[in-house]
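Raw contents of protein_27.cif, mmCIF, C-alpha atoms:
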```
data_work
loop_
_atom_site.group_PDB
_atom_site.id
_atom_site.type_symbol
_atom_site.label_atom_id
_atom_site.label_comp_id
_atom_site.auth_asym_id
_atom_site.auth_seq_id
_atom_site.Cartn_x
_atom_site.Cartn_y
_atom_site.Cartn_z
ATOM 1 C CA MET A 890 -2.730 22.378 59.087
ATOM 2 C CA ASP A 891 -1.457 24.199 55.972
ATOM 3 C CA PHE A 892 -3.364 24.184 52.680
ATOM 4 C CA PHE A 893 -1.833 22.061 49.884
ATOM 5 C CA SER A 894 0.293 20.205 52.425
ATOM 6 C CA PHE A 895 0.532 16.403 52.451
ATOM 7 C CA GLU A 896 -1.176 16.328 55.836
ATOM 8 C CA PHE A 897 -4.089 18.425 54.521
ATOM 9 C CA PHE A 898 -4.682 16.283 51.431
ATOM 10 C CA SER A 899 -4.299 12.989 53.279
ATOM 11 C CA ALA A 900 -6.891 14.139 55.834
ATOM 12 C CA LEU A 901 -9.201 15.287 53.012
ATOM 13 C CA LEU A 902 -8.915 11.920 51.265
ATOM 14 C CA THR A 903 -9.708 10.188 54.551
ATOM 15 C CA ILE A 904 -12.856 12.289 55.027
ATOM 16 C CA VAL A 905 -14.022 11.731 51.438
ATOM 17 C CA PHE A 906 -13.456 7.982 51.861
ATOM 18 C CA ILE A 907 -15.563 7.970 55.042
ATOM 19 C CA ASP A 908 -18.366 9.869 53.273
ATOM 20 C CA LEU A 909 -18.342 7.556 50.257
ATOM 21 C CA ILE A 910 -18.304 4.388 52.362
ATOM 22 C CA LEU A 911 -21.456 5.571 54.133
ATOM 23 C CA ALA A 912 -23.064 7.006 50.982
ATOM 24 C CA GLY A 913 -24.733 3.691 50.151
ATOM 25 C CA ASP A 914 -26.888 3.781 53.276
ATOM 26 C CA ASN A 915 -27.794 7.415 52.652
ATOM 27 C CA ALA A 916 -28.712 6.606 49.057
ATOM 28 C CA ILE A 917 -31.071 3.916 50.338
ATOM 29 C CA VAL A 918 -32.748 6.427 52.665
ATOM 30 C CA ILE A 919 -33.186 8.932 49.851
ATOM 31 C CA GLY A 920 -34.454 6.300 47.437
ATOM 32 C CA LEU A 921 -36.974 4.901 49.911
ATOM 33 C CA ALA A 922 -38.239 8.330 50.917
ATOM 34 C CA ALA A 923 -38.782 9.494 47.319
ATOM 35 C CA ARG A 924 -40.001 6.243 45.784
ATOM 36 C CA LYS A 925 -43.726 7.174 45.761
ATOM 37 C CA LEU A 926 -43.336 10.582 44.157
ATOM 38 C CA PRO A 927 -44.117 11.300 40.504
ATOM 39 C CA LYS A 928 -41.060 11.186 38.257
ATOM 40 C CA LEU A 929 -40.664 14.948 38.034
ATOM 41 C CA GLN A 930 -40.771 15.377 41.803
ATOM 42 C CA GLN A 931 -38.395 12.535 42.606
ATOM 43 C CA LYS A 932 -35.422 14.570 41.368
ATOM 44 C CA LYS A 933 -36.576 17.588 43.399
ATOM 45 C CA ALA A 934 -36.877 15.469 46.548
ATOM 46 C CA VAL A 935 -33.439 13.959 45.963
ATOM 47 C CA ILE A 936 -31.772 17.316 45.319
ATOM 48 C CA TRP A 937 -33.436 19.364 48.066
ATOM 49 C CA GLY A 938 -33.405 16.508 50.560
ATOM 50 C CA THR A 939 -29.696 16.030 49.942
ATOM 51 C CA VAL A 940 -29.011 19.776 50.184
ATOM 52 C CA GLY A 941 -30.847 19.963 53.500
ATOM 53 C CA ALA A 942 -29.193 16.800 54.810
ATOM 54 C CA VAL A 943 -25.708 17.976 53.816
ATOM 55 C CA GLY A 944 -26.308 21.373 55.417
ATOM 56 C CA ILE A 945 -27.389 19.796 58.701
ATOM 57 C CA ARG A 946 -24.545 17.284 58.577
ATOM 58 C CA ALA A 947 -21.993 20.052 58.006
ATOM 59 C CA LEU A 948 -23.310 22.013 61.007
ATOM 60 C CA ALA A 949 -23.442 18.860 63.149
ATOM 61 C CA THR A 950 -19.882 17.907 62.200
ATOM 62 C CA ILE A 951 -18.592 21.372 63.054
ATOM 63 C CA LEU A 952 -20.318 21.073 66.427
ATOM 64 C CA VAL A 953 -18.999 17.567 67.090
ATOM 65 C CA VAL A 954 -15.472 18.704 66.249
ATOM 66 C CA TYR A 955 -15.650 20.513 69.571
ATOM 67 C CA LEU A 956 -17.983 18.127 71.397
ATOM 68 C CA LEU A 957 -16.740 14.618 70.633
ATOM 69 C CA ASP A 958 -17.414 13.463 74.186
ATOM 70 C CA ILE A 959 -21.205 13.966 74.145
ATOM 71 C CA PRO A 960 -22.703 10.879 75.871
ATOM 72 C CA TRP A 961 -25.583 8.815 74.484
ATOM 73 C CA LEU A 962 -25.354 10.436 71.018
ATOM 74 C CA MET A 963 -24.937 7.166 69.126
ATOM 75 C CA LEU A 964 -27.676 5.393 71.106
ATOM 76 C CA THR A 965 -30.210 8.170 70.499
ATOM 77 C CA GLY A 966 -29.458 8.284 66.773
ATOM 78 C CA GLY A 967 -29.654 4.504 66.491
ATOM 79 C CA ILE A 968 -33.089 4.361 68.127
ATOM 80 C CA LEU A 969 -34.358 7.161 65.886
ATOM 81 C CA LEU A 970 -33.046 5.379 62.798
ATOM 82 C CA LEU A 971 -34.787 2.147 63.824
ATOM 83 C CA TRP A 972 -38.095 4.009 63.943
ATOM 84 C CA ILE A 973 -37.419 5.510 60.505
ATOM 85 C CA ALA A 974 -36.553 2.071 59.058
ATOM 86 C CA TYR A 975 -39.886 0.731 60.330
ATOM 87 C CA LYS A 976 -41.899 3.749 59.159
ATOM 88 C CA LEU A 977 -40.440 3.480 55.651
ATOM 89 C CA LEU A 978 -41.786 -0.076 55.457
ATOM 90 C CA VAL A 979 -45.294 0.682 56.698
ATOM 91 C CA ASP A 980 -45.729 4.137 55.132
ATOM 92 C CA GLU A 981 -49.338 4.388 53.992
ATOM 93 C CA ASN A 982 -48.989 7.605 51.978
ATOM 94 C CA ASN A 983 -49.622 7.456 48.236
ATOM 95 C CA HIS A 984 -49.199 10.359 45.852
ATOM 96 C CA GLU A 985 -52.646 9.661 44.422
ATOM 97 C CA ASP A 986 -54.220 10.463 47.796
ATOM 98 C CA ILE A 987 -51.981 13.363 48.863
ATOM 99 C CA LYS A 988 -51.307 16.668 47.146
ATOM 100 C CA ALA A 989 -47.990 16.584 45.292
ATOM 101 C CA GLY A 990 -46.599 19.503 47.279
ATOM 102 C CA ASN A 991 -47.315 17.882 50.632
ATOM 103 C CA ASN A 992 -45.906 14.573 49.513
ATOM 104 C CA LEU A 993 -42.755 16.236 48.182
ATOM 105 C CA TRP A 994 -42.185 18.019 51.493
ATOM 106 C CA GLN A 995 -42.779 14.814 53.461
ATOM 107 C CA SER A 996 -40.153 13.049 51.337
ATOM 108 C CA ILE A 997 -37.661 15.880 51.788
ATOM 109 C CA ARG A 998 -38.321 15.924 55.531
ATOM 110 C CA THR A 999 -37.848 12.137 55.771
ATOM 111 C CA ILE A 1000 -34.549 12.358 53.891
ATOM 112 C CA ILE A 1001 -33.248 15.113 56.171
ATOM 113 C CA ILE A 1002 -34.349 13.412 59.412
ATOM 114 C CA ALA A 1003 -33.048 10.003 58.319
ATOM 115 C CA ASP A 1004 -29.703 11.431 57.252
ATOM 116 C CA ALA A 1005 -29.425 13.322 60.537
ATOM 117 C CA ALA A 1006 -29.913 10.042 62.405
ATOM 118 C CA MET A 1007 -27.668 7.935 60.181
ATOM 119 C CA GLY A 1008 -25.069 10.658 59.881
ATOM 120 C CA ILE A 1009 -24.120 10.587 63.557
ATOM 121 C CA ASP A 1010 -21.495 7.887 63.107
ATOM 122 C CA ASN A 1011 -20.332 9.636 59.925
ATOM 123 C CA VAL A 1012 -20.201 13.000 61.698
ATOM 124 C CA ILE A 1013 -18.084 11.643 64.542
ATOM 125 C CA ALA A 1014 -15.703 9.860 62.154
ATOM 126 C CA VAL A 1015 -15.310 12.942 59.937
ATOM 127 C CA ALA A 1016 -14.837 15.229 62.943
ATOM 128 C CA GLY A 1017 -12.031 12.990 64.181
ATOM 129 C CA ALA A 1018 -10.354 12.834 60.772
ATOM 130 C CA ALA A 1019 -10.570 16.624 60.323
ATOM 131 C CA HIS A 1020 -8.374 17.282 63.372
ATOM 132 C CA GLY A 1021 -10.341 20.432 64.120
ATOM 133 C CA ASN A 1022 -10.086 21.831 60.556
ATOM 134 C CA ILE A 1023 -13.559 23.039 59.507
ATOM 135 C CA THR A 1024 -12.472 23.563 55.882
ATOM 136 C CA LEU A 1025 -11.721 19.855 55.580
ATOM 137 C CA VAL A 1026 -15.203 18.992 56.835
ATOM 138 C CA ILE A 1027 -16.932 21.196 54.252
ATOM 139 C CA LEU A 1028 -14.693 20.131 51.343
ATOM 140 C CA GLY A 1029 -15.179 16.443 52.151
ATOM 141 C CA LEU A 1030 -18.955 16.821 52.131
ATOM 142 C CA LEU A 1031 -19.011 18.828 48.891
ATOM 143 C CA ILE A 1032 -16.902 16.221 47.098
ATOM 144 C CA SER A 1033 -19.068 13.284 48.204
ATOM 145 C CA VAL A 1034 -22.529 14.863 47.609
ATOM 146 C CA PRO A 1035 -22.763 13.993 43.866
ATOM 147 C CA VAL A 1036 -22.155 10.326 44.673
ATOM 148 C CA VAL A 1037 -25.027 10.300 47.185
ATOM 149 C CA VAL A 1038 -27.391 11.984 44.708
ATOM 150 C CA TRP A 1039 -26.471 9.591 41.887
ATOM 151 C CA GLY A 1040 -26.781 6.563 44.148
ATOM 152 C CA SER A 1041 -30.254 7.537 45.351
ATOM 153 C CA THR A 1042 -31.520 8.089 41.792
ATOM 154 C CA LEU A 1043 -30.261 4.650 40.796
ATOM 155 C CA PHE A 1044 -31.915 3.063 43.844
ATOM 156 C CA ILE A 1045 -35.293 4.606 42.946
ATOM 157 C CA LYS A 1046 -35.117 2.930 39.519
ATOM 158 C CA ILE A 1047 -34.211 -0.424 41.080
ATOM 159 C CA ILE A 1048 -37.142 -0.243 43.530
ATOM 160 C CA GLU A 1049 -39.540 0.339 40.643
ATOM 161 C CA ARG A 1050 -38.444 -2.947 39.069
ATOM 162 C CA PHE A 1051 -38.005 -4.945 42.294
ATOM 163 C CA PRO A 1052 -40.376 -3.684 45.059
ATOM 164 C CA TRP A 1053 -39.109 -6.324 47.528
ATOM 165 C CA ILE A 1054 -35.861 -4.360 47.744
ATOM 166 C CA ILE A 1055 -37.710 -1.938 50.039
ATOM 167 C CA TYR A 1056 -37.460 -4.602 52.755
ATOM 168 C CA LEU A 1057 -33.806 -5.186 51.999
ATOM 169 C CA GLY A 1058 -33.172 -1.447 52.235
ATOM 170 C CA SER A 1059 -35.024 -1.214 55.529
ATOM 171 C CA GLY A 1060 -32.947 -4.119 56.813
ATOM 172 C CA VAL A 1061 -29.771 -2.236 55.915
ATOM 173 C CA LEU A 1062 -31.055 0.778 57.841
ATOM 174 C CA ALA A 1063 -31.897 -1.404 60.825
ATOM 175 C CA TYR A 1064 -28.421 -2.969 60.734
ATOM 176 C CA THR A 1065 -26.834 0.482 60.589
ATOM 177 C CA ALA A 1066 -28.952 1.589 63.542
ATOM 178 C CA ALA A 1067 -27.981 -1.498 65.537
ATOM 179 C CA LYS A 1068 -24.298 -0.849 64.845
ATOM 180 C CA MET A 1069 -24.708 2.696 66.085
ATOM 181 C CA ILE A 1070 -26.241 1.392 69.314
ATOM 182 C CA THR A 1071 -23.422 -1.114 69.867
ATOM 183 C CA HIS A 1072 -20.865 1.663 69.371
ATOM 184 C CA GLU A 1073 -22.362 3.893 72.053
ATOM 185 C CA THR A 1074 -19.425 4.394 74.422
ATOM 186 C CA LYS A 1075 -21.585 4.087 77.521
ATOM 187 C CA ILE A 1076 -22.622 0.532 76.682
ATOM 188 C CA SER A 1077 -20.066 -0.601 74.085
ATOM 189 C CA GLN A 1078 -18.188 -2.761 76.614
ATOM 190 C CA VAL A 1079 -21.272 -4.989 76.883
ATOM 191 C CA PHE A 1080 -21.001 -5.883 73.193
ATOM 192 C CA GLU A 1081 -17.212 -5.891 73.020
ATOM 193 C CA SER A 1082 -17.093 -8.666 75.615
ATOM 194 C CA SER A 1083 -18.667 -11.169 73.209
ATOM 195 C CA ALA A 1084 -18.668 -11.122 69.409
ATOM 196 C CA LEU A 1085 -21.446 -13.733 69.435
ATOM 197 C CA PHE A 1086 -23.638 -11.507 71.601
ATOM 198 C CA GLU A 1087 -22.999 -8.486 69.373
ATOM 199 C CA TRP A 1088 -23.871 -10.319 66.164
ATOM 200 C CA SER A 1089 -26.929 -11.896 67.776
ATOM 201 C CA PHE A 1090 -28.114 -8.409 68.718
ATOM 202 C CA LEU A 1091 -27.506 -7.057 65.200
ATOM 203 C CA ILE A 1092 -29.372 -9.929 63.555
ATOM 204 C CA LEU A 1093 -32.236 -9.743 66.057
ATOM 205 C CA VAL A 1094 -32.764 -6.019 65.435
ATOM 206 C CA VAL A 1095 -32.873 -6.503 61.653
ATOM 207 C CA VAL A 1096 -35.296 -9.436 61.931
ATOM 208 C CA VAL A 1097 -37.600 -7.595 64.334
ATOM 209 C CA ILE A 1098 -37.857 -4.522 62.081
ATOM 210 C CA ILE A 1099 -38.517 -6.546 58.911
ATOM 211 C CA VAL A 1100 -41.010 -8.901 60.600
ATOM 212 C CA ALA A 1101 -42.814 -5.959 62.214
ATOM 213 C CA GLY A 1102 -43.068 -4.265 58.829
ATOM 214 C CA LEU A 1103 -44.309 -7.441 57.147
ATOM 215 C CA TRP A 1104 -46.875 -8.016 59.890
ATOM 216 C CA LYS A 1105 -48.174 -4.450 59.686
ATOM 217 C CA ASN A 1106 -48.389 -4.489 55.889
ATOM 218 C CA THR A 1107 -50.042 -7.923 55.837
ATOM 219 C CA ALA A 1108 -52.607 -6.838 58.437
ATOM 220 C CA ARG A 1109 -53.348 -3.668 56.490
ATOM 221 C CA SER A 1110 -53.725 -5.570 53.214
ATOM 222 C CA ARG A 1111 -56.061 -8.087 54.894
ATOM 223 C CA LYS A 1112 -58.149 -5.260 56.336
ATOM 224 C CA ILE A 1113 -58.446 -3.559 52.939
ATOM 225 C CA SER A 1114 -59.361 -6.876 51.301
ATOM 226 C CA ASN A 1115 -62.071 -7.538 53.899
ATOM 227 C CA GLU A 1116 -63.496 -4.047 53.461
ATOM 228 C CA LYS A 1117 -63.674 -4.520 49.701
ATOM 229 C CA SER A 1118 -65.372 -7.884 50.176
ATOM 230 C CA ARG A 1119 -67.989 -6.348 52.465
ATOM 231 C CA GLU A 1120 -68.592 -3.523 49.980
ATOM 232 C CA ALA A 1121 -69.020 -6.034 47.159
ATOM 233 C CA GLN A 1122 -71.553 -8.029 49.180
ATOM 234 C CA ALA A 1123 -73.495 -4.921 50.211
#
```

Exercise: express the given structure as structure tokens:
Amino acid sequence: MDFFSFEFFSALLTIVFIDLILAGDNAIVIGLAARKLPKLQQKKAVIWGTVGAVGIRALATILVVYLLDIPWLMLTGGILLLWIAYKLLVDENNHEDIKAGNNLWQSIRTIIIADAAMGIDNVIAVAGAAHGNITLVILGLLISVPVVVWGSTLFIKIIERFPWIIYLGSGVLAYTAAKMITHETKISQVFESSALFEWSFLILVVVVIIVAGLWKNTARSRKISNEKSREAQA
């Protein structure tokens, strides 16, 4: 594929479009992971988490360009993302109780791991659109990175005003994970046979993750309340 050719630019636009379409989910991951940090460290977590995530995604895409037939890749990533969606809901870490440096690293690590899980469907789509051209993969990622960073910063501000959005964000992650599972080639025919079954599965996964998070948080809040009551009576 020649540089500056119509084929090159059309493929590049396709890759950028894929990245931007999926940037919303990645912004949610970044926003959720950095939401508990002090203001000054939120930007650091966003920037370094995004840099690390983009670096891993670029390497993964280059690998998948040559290994598009790896089995069980989508299923594994979907299961990992489900766990991350749940952990983001029930995360007990607060920056008042943890050293800022440790908390910053944990946020960066969460961003990188979450993006690696969520990026599997993106990686496969970009690898297919690149037609084996590694330059297209890198250029597409570099163009779309600022959008991801801006989106995550905006999401952090929204969470501060509306904390309930954390559950909505986790639900989006769970939905994305469920879609990844249904698109696993080894089992996709099970879901393709019935649209009703596929949508029932997607809805069930989202509900289970949100309910599990609510149950865990409610139980923890009740436990803390009981402990405070006992301390007050003592």

Report task. Would you kindly translate the PyMOL selection byres ((chain A and resi 934) around 7) into the concrete residues it picks from this file, as a PyMOL selection string? Result -> chain A and resi 923+930-933+935-938+993+996-997

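The environment of A:Ala1063 within 9 Å, counting only C-alpha atoms and disregarding residues fewer than 4 places along the same chain, consists of Gly967, Leu970, Leu971, Trp972, Ile973, Ala974, Tyr975, Gly1058, Ser1059, Ala1067, Lys1068, Leu1091, Val1094, Val1095, Val1096, Ile1098 and Ile1099 of chain A.
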
Would you mind exporting the chosen residues as a PDB file, in the frame of the given file, restricted to C-alpha atoms?
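Okay, this is what ended up in again_14.pdb:
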```
ATOM      1  CA  GLY A 967     -29.654   4.504  66.491  1.00  0.00           C
ATOM      2  CA  LEU A 970     -33.046   5.379  62.798  1.00  0.00           C
ATOM      3  CA  LEU A 971     -34.787   2.147  63.824  1.00  0.00           C
ATOM      4  CA  TRP A 972     -38.095   4.009  63.943  1.00  0.00           C
ATOM      5  CA  ILE A 973     -37.419   5.510  60.505  1.00  0.00           C
ATOM      6  CA  ALA A 974     -36.553   2.071  59.058  1.00  0.00           C
ATOM      7  CA  TYR A 975     -39.886   0.731  60.330  1.00  0.00           C
ATOM      8  CA  GLY A1058     -33.172  -1.447  52.235  1.00  0.00           C
ATOM      9  CA  SER A1059     -35.024  -1.214  55.529  1.00  0.00           C
ATOM     10  CA  ALA A1067     -27.981  -1.498  65.537  1.00  0.00           C
ATOM     11  CA  LYS A1068     -24.298  -0.849  64.845  1.00  0.00           C
ATOM     12  CA  LEU A1091     -27.506  -7.057  65.200  1.00  0.00           C
ATOM     13  CA  VAL A1094     -32.764  -6.019  65.435  1.00  0.00           C
ATOM     14  CA  VAL A1095     -32.873  -6.503  61.653  1.00  0.00           C
ATOM     15  CA  VAL A1096     -35.296  -9.436  61.931  1.00  0.00           C
ATOM     16  CA  ILE A1098     -37.857  -4.522  62.081  1.00  0.00           C
ATOM     17  CA  ILE A1099     -38.517  -6.546  58.911  1.00  0.00           C
TER      18      ILE A1099
END
```

Query raised in the report: So which residues touch A:Trp961 within 12 Å, counting all atoms listed in the file, skipping near sequence neighbours fewer than 6 positions away, as a list in words?
Result: Gly967, Ile968, Ile1009, Met1069, Ile1070, Thr1071, His1072, Glu1073, Thr1074, Lys1075, Ile1076 and Ser1077 of chain A

Query - Nearest to A:Gly1029 by atom-to-atom distance, counting only C-alpha atoms, from A:Ile1113, A:Leu926, A:Ala947, A:Ile1092 - result: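 Of all the options, A:Ala947 lies closest to A:Gly1029.
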
Query - Target residues per the PyMOL selection byres ((chain A and resi 999-1002) around 8), formatted as an MDAnalysis selection string - result: chainID A and resid 918:919 922 938:939 941:942 945 995:998 1003:1006

Those residues you just picked out, can you put them in a file as a tab-separated table (two decimals), keeping the file's coordinate frame with C-alpha atoms?
```tsv
chain	number	residue	atom	x	y	z
A	918	VAL	CA	-32.75	6.43	52.66
A	919	ILE	CA	-33.19	8.93	49.85
A	922	ALA	CA	-38.24	8.33	50.92
A	938	GLY	CA	-33.40	16.51	50.56
A	939	THR	CA	-29.70	16.03	49.94
A	941	GLY	CA	-30.85	19.96	53.50
A	942	ALA	CA	-29.19	16.80	54.81
A	945	ILE	CA	-27.39	19.80	58.70
A	995	GLN	CA	-42.78	14.81	53.46
A	996	SER	CA	-40.15	13.05	51.34
A	997	ILE	CA	-37.66	15.88	51.79
A	998	ARG	CA	-38.32	15.92	55.53
A	1003	ALA	CA	-33.05	10.00	58.32
A	1004	ASP	CA	-29.70	11.43	57.25
A	1005	ALA	CA	-29.42	13.32	60.54
A	1006	ALA	CA	-29.91	10.04	62.40
```

**Report entry** Distance of atom CA of A:Phe1086 from atom CA of A:Ile1054, expressed in Å to one decimal place
**Finding:** 27.7 Å

**Report entry** Pairwise distance for atom CA of A:Ala1121 and atom CA of A:Pro1052, rounded to one decimal in Å
**Finding:**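 If I compute the distance from atom CA of A:Ala1121 to atom CA of A:Pro1052, I get 28.8 Å.
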
Report task. Would you please work out which residue, of A:Glu1081, A:Arg946, A:Ser1118, A:Gly1060, is nearest to A:Leu1093 when using all atoms listed in the file? Result -> A:Gly1060

Query - Among listed residues A:Tyr1056, A:Trp994, A:Phe1051, A:Phe1080, nearest A:Asn1106 (using only C-alpha atoms) - result: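 Once distances to A:Asn1106 are computed over only C-alpha atoms, the minimum belongs to A:Tyr1056.
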
Report task. Considering only C-alpha atoms, state which residue in the set A:Leu929, A:Ile904, A:Val979, A:Val940 is at the smallest distance from A:Trp1104. Result ->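 Of A:Leu929, A:Ile904, A:Val979, A:Val940, the one nearest A:Trp1104 is A:Val979, counting only C-alpha atoms.
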
Query raised in the report: At most 6 Å from (-7.7, 21.0, 58.2), file frame, all atoms listed in the file: which residues, as a list in words?
Result: Met890, Phe897, Ala1019, Asn1022, Thr1024 and Leu1025 of chain A

Query - atom CA of A:Leu1057 to atom CA of A:Ser1110, straight-line distance in Å - result: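 That distance, rounded to one decimal, is 20.0 Å.
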
Query raised in the report: Taking only C-alpha atoms into account, which of A:Lys1112, A:Ala900, A:Arg1119, A:Ala1066 comes nearest A:Thr965?
Result: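 Closest residue, counting only C-alpha atoms: A:Ala1066.
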
Give as a short mmCIF file (atom, residue, chain, number, x, y, z; two decimals) with C-alpha atoms, in the coordinates of the input every residue, naming chains and numbers as the document does, that has an atom within 8 Å of (-12.6, 13.2, 52.2), counting only C-alpha atoms.
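Everything below was put into point_18.cif:
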```
data_model
loop_
_atom_site.label_atom_id
_atom_site.label_comp_id
_atom_site.auth_asym_id
_atom_site.auth_seq_id
_atom_site.Cartn_x
_atom_site.Cartn_y
_atom_site.Cartn_z
CA ALA A 900 -6.89 14.14 55.83
CA LEU A 901 -9.20 15.29 53.01
CA LEU A 902 -8.91 11.92 51.26
CA THR A 903 -9.71 10.19 54.55
CA ILE A 904 -12.86 12.29 55.03
CA VAL A 905 -14.02 11.73 51.44
CA PHE A 906 -13.46 7.98 51.86
CA ILE A 907 -15.56 7.97 55.04
CA ASP A 908 -18.37 9.87 53.27
CA LEU A 1025 -11.72 19.86 55.58
CA VAL A 1026 -15.20 18.99 56.84
CA LEU A 1028 -14.69 20.13 51.34
CA GLY A 1029 -15.18 16.44 52.15
CA LEU A 1030 -18.95 16.82 52.13
CA ILE A 1032 -16.90 16.22 47.10
CA SER A 1033 -19.07 13.28 48.20
#
```

Missing atoms of stretch 1021-1028 of chain A rebuilt to all heavy atoms, written as an mmCIF file, in the coordinates of the input:
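This went into part-v1.cif:
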```cif
data_model
loop_
_atom_site.group_PDB
_atom_site.id
_atom_site.type_symbol
_atom_site.label_atom_id
_atom_site.label_comp_id
_atom_site.auth_asym_id
_atom_site.auth_seq_id
_atom_site.Cartn_x
_atom_site.Cartn_y
_atom_site.Cartn_z
ATOM 1 N N GLY A 1021 -9.958 19.077 63.771
ATOM 2 C CA GLY A 1021 -10.341 20.432 64.120
ATOM 3 C C GLY A 1021 -10.372 21.408 62.967
ATOM 4 O O GLY A 1021 -10.661 22.595 63.160
ATOM 5 N N ASN A 1022 -10.108 20.950 61.727
ATOM 6 C CA ASN A 1022 -10.086 21.831 60.556
ATOM 7 C C ASN A 1022 -11.461 21.834 59.901
ATOM 8 O O ASN A 1022 -11.854 20.863 59.258
ATOM 9 C CB ASN A 1022 -9.020 21.362 59.561
ATOM 10 C CG ASN A 1022 -8.756 22.385 58.472
ATOM 11 O OD1 ASN A 1022 -9.685 22.899 57.867
ATOM 12 N ND2 ASN A 1022 -7.477 22.663 58.220
ATOM 13 N N ILE A 1023 -12.203 22.949 60.035
ATOM 14 C CA ILE A 1023 -13.559 23.039 59.507
ATOM 15 C C ILE A 1023 -13.567 23.005 57.982
ATOM 16 O O ILE A 1023 -14.479 22.464 57.355
ATOM 17 C CB ILE A 1023 -14.249 24.328 60.004
ATOM 18 C CG1 ILE A 1023 -14.214 24.380 61.538
ATOM 19 C CG2 ILE A 1023 -15.673 24.392 59.508
ATOM 20 C CD1 ILE A 1023 -14.832 23.196 62.216
ATOM 21 N N THR A 1024 -12.554 23.559 57.348
ATOM 22 C CA THR A 1024 -12.472 23.563 55.882
ATOM 23 C C THR A 1024 -12.455 22.145 55.333
ATOM 24 O O THR A 1024 -13.092 21.849 54.314
ATOM 25 C CB THR A 1024 -11.203 24.308 55.413
ATOM 26 O OG1 THR A 1024 -11.210 25.635 55.939
ATOM 27 C CG2 THR A 1024 -11.139 24.361 53.894
ATOM 28 N N LEU A 1025 -11.763 21.249 56.009
ATOM 29 C CA LEU A 1025 -11.721 19.855 55.580
ATOM 30 C C LEU A 1025 -13.106 19.221 55.644
ATOM 31 O O LEU A 1025 -13.490 18.451 54.760
ATOM 32 C CB LEU A 1025 -10.747 19.070 56.471
ATOM 33 C CG LEU A 1025 -9.256 19.185 56.138
ATOM 34 C CD1 LEU A 1025 -8.423 18.515 57.216
ATOM 35 C CD2 LEU A 1025 -8.972 18.576 54.777
ATOM 36 N N VAL A 1026 -13.854 19.543 56.681
ATOM 37 C CA VAL A 1026 -15.203 18.992 56.835
ATOM 38 C C VAL A 1026 -16.076 19.396 55.658
ATOM 39 O O VAL A 1026 -16.740 18.562 55.030
ATOM 40 C CB VAL A 1026 -15.834 19.476 58.154
ATOM 41 C CG1 VAL A 1026 -17.301 19.049 58.239
ATOM 42 C CG2 VAL A 1026 -15.065 18.932 59.351
ATOM 43 N N ILE A 1027 -16.087 20.683 55.337
ATOM 44 C CA ILE A 1027 -16.932 21.196 54.252
ATOM 45 C C ILE A 1027 -16.492 20.642 52.903
ATOM 46 O O ILE A 1027 -17.328 20.204 52.087
ATOM 47 C CB ILE A 1027 -16.899 22.738 54.227
ATOM 48 C CG1 ILE A 1027 -17.331 23.301 55.594
ATOM 49 C CG2 ILE A 1027 -17.794 23.272 53.116
ATOM 50 C CD1 ILE A 1027 -18.707 22.885 56.020
ATOM 51 N N LEU A 1028 -15.191 20.639 52.623
ATOM 52 C CA LEU A 1028 -14.693 20.131 51.343
ATOM 53 C C LEU A 1028 -15.028 18.651 51.160
ATOM 54 O O LEU A 1028 -15.422 18.223 50.075
ATOM 55 C CB LEU A 1028 -13.176 20.332 51.252
ATOM 56 C CG LEU A 1028 -12.674 21.748 50.960
ATOM 57 C CD1 LEU A 1028 -11.147 21.787 50.985
ATOM 58 C CD2 LEU A 1028 -13.198 22.234 49.607
#
```
